[in-house]
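Following: one structure in structure tokens, then a few remarks.
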Amino acid sequence: MVVGPYMHEPDADCQHYRAQPANMAVNIDLNQETLKGKLSEGCDVQFVPCKIEHDGEAEVEKFFNTYVREEKNDEEGKEEKVLKGTLRGYPLSGCVIDVPKGYTGIVLKETRPTLNSEESRTMRVISQFKQFTYWNWDREPSRGDKYQQAMDWAEIADVIHGSE
């Protein structure tokens, strides 16, 4: 399963999105019928900076979320909430990041495993989300983190290129 904050601004004409890295194509099924109702199901997306060799269900609420605590961080004179937790004994610091207005985060699942790196991959939408929790191992989340910058850039790009 591929889980991550992929961005898509849905429109009536968009049926598929195709990304093409070096030697393979990734086809993502984004038709409107697939997207209907997925947001109401709710999705608790946790972006943890590690590779987990598991492809299936996990009791995140029972074994992870239960132990997450909220602390106040008063850096630079403004009070912000910081989440604290652990994963396999390693400390984590995190924050909840909202998907920019007008965008929707999607969770994708590969329809079938590929046999080699040059084979096309096809993924389908299994859920949508409007916010996700971003975690760091070695420092508290900040505006300098890549995912926070990506969310900021989406808003900046909309101001620069958006219609009024």
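Going by the structure tokens order, chains are called A, B, ..., each with residues numbered from 1, while ligands are numbered from 1 in the order shown.
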If you run DSSP on the backbone here, which positions in region 13-152 of chain A get helix (DSSP H, G or I)? Please write them as number ranges by chain. A: 32-35, 39-41, 60-63, 65-67, 75-77, 146-152
Using DSSP on the backbone, list every residue of region 27-145 of chain A that comes out as strand (DSSP E), and give them as a count of residues only. 50
For Cys95 (chain A): contacts at 7 Å, only C-alpha atoms, fewer than 3 positions along chain excluded, given as a PyMOL selection string: chain A and resi 82-83+133-135+141
Put those residues in a file: N, CA and C atoms, as a short mmCIF file (atom, residue, chain, number, x, y, z; two decimals), in the first residue's frame.
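Listing of out-v6.cif after writing:
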data_model
loop_
_atom_site.label_atom_id
_atom_site.label_comp_id
_atom_site.auth_asym_id
_atom_site.auth_seq_id
_atom_site.Cartn_x
_atom_site.Cartn_y
_atom_site.Cartn_z
N VAL A 82 2.67 20.82 19.63
CA VAL A 82 3.58 19.81 19.11
C VAL A 82 3.14 18.47 19.68
N LEU A 83 3.05 17.47 18.83
CA LEU A 83 2.70 16.13 19.27
C LEU A 83 3.97 15.37 19.61
N THR A 133 -0.88 13.85 9.88
CA THR A 133 0.09 14.10 10.95
C THR A 133 1.47 13.81 10.41
N TYR A 134 2.34 14.81 10.52
CA TYR A 134 3.71 14.73 10.02
C TYR A 134 4.64 14.56 11.21
N TRP A 135 5.54 13.57 11.15
CA TRP A 135 6.44 13.26 12.26
C TRP A 135 7.90 13.41 11.85
N PRO A 141 8.80 19.60 14.40
CA PRO A 141 8.38 20.09 13.09
C PRO A 141 8.52 21.60 12.99
#
d(CA of Thr122 (chain A), CA of Ala25 (chain A)) in Å: 8.4 Å
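The list of residues with at least one atom within 12 Å of Ala150 (chain A), based on only C-alpha atoms and without residues fewer than 2 positions apart in the same chain, reads Pro5, Tyr6, Met7, Ile97, Asp98, Val99, Pro100, Arg143, Gly144, Asp145, Lys146, Tyr147, Gln148, Asp152, Trp153, Ala154, Glu155, Ile156 and Ala157 of chain A.
The gap separating CA of Pro113 (chain A) from CA of Phe47 (chain A) is 22.2 Å, in Å to one decimal.
Remark: for Phe64 (chain A), the closest of the candidate residues A:Val48, A:Val96, A:Leu87, A:Val159 is A:Leu87 (distances computed over only C-alpha atoms).
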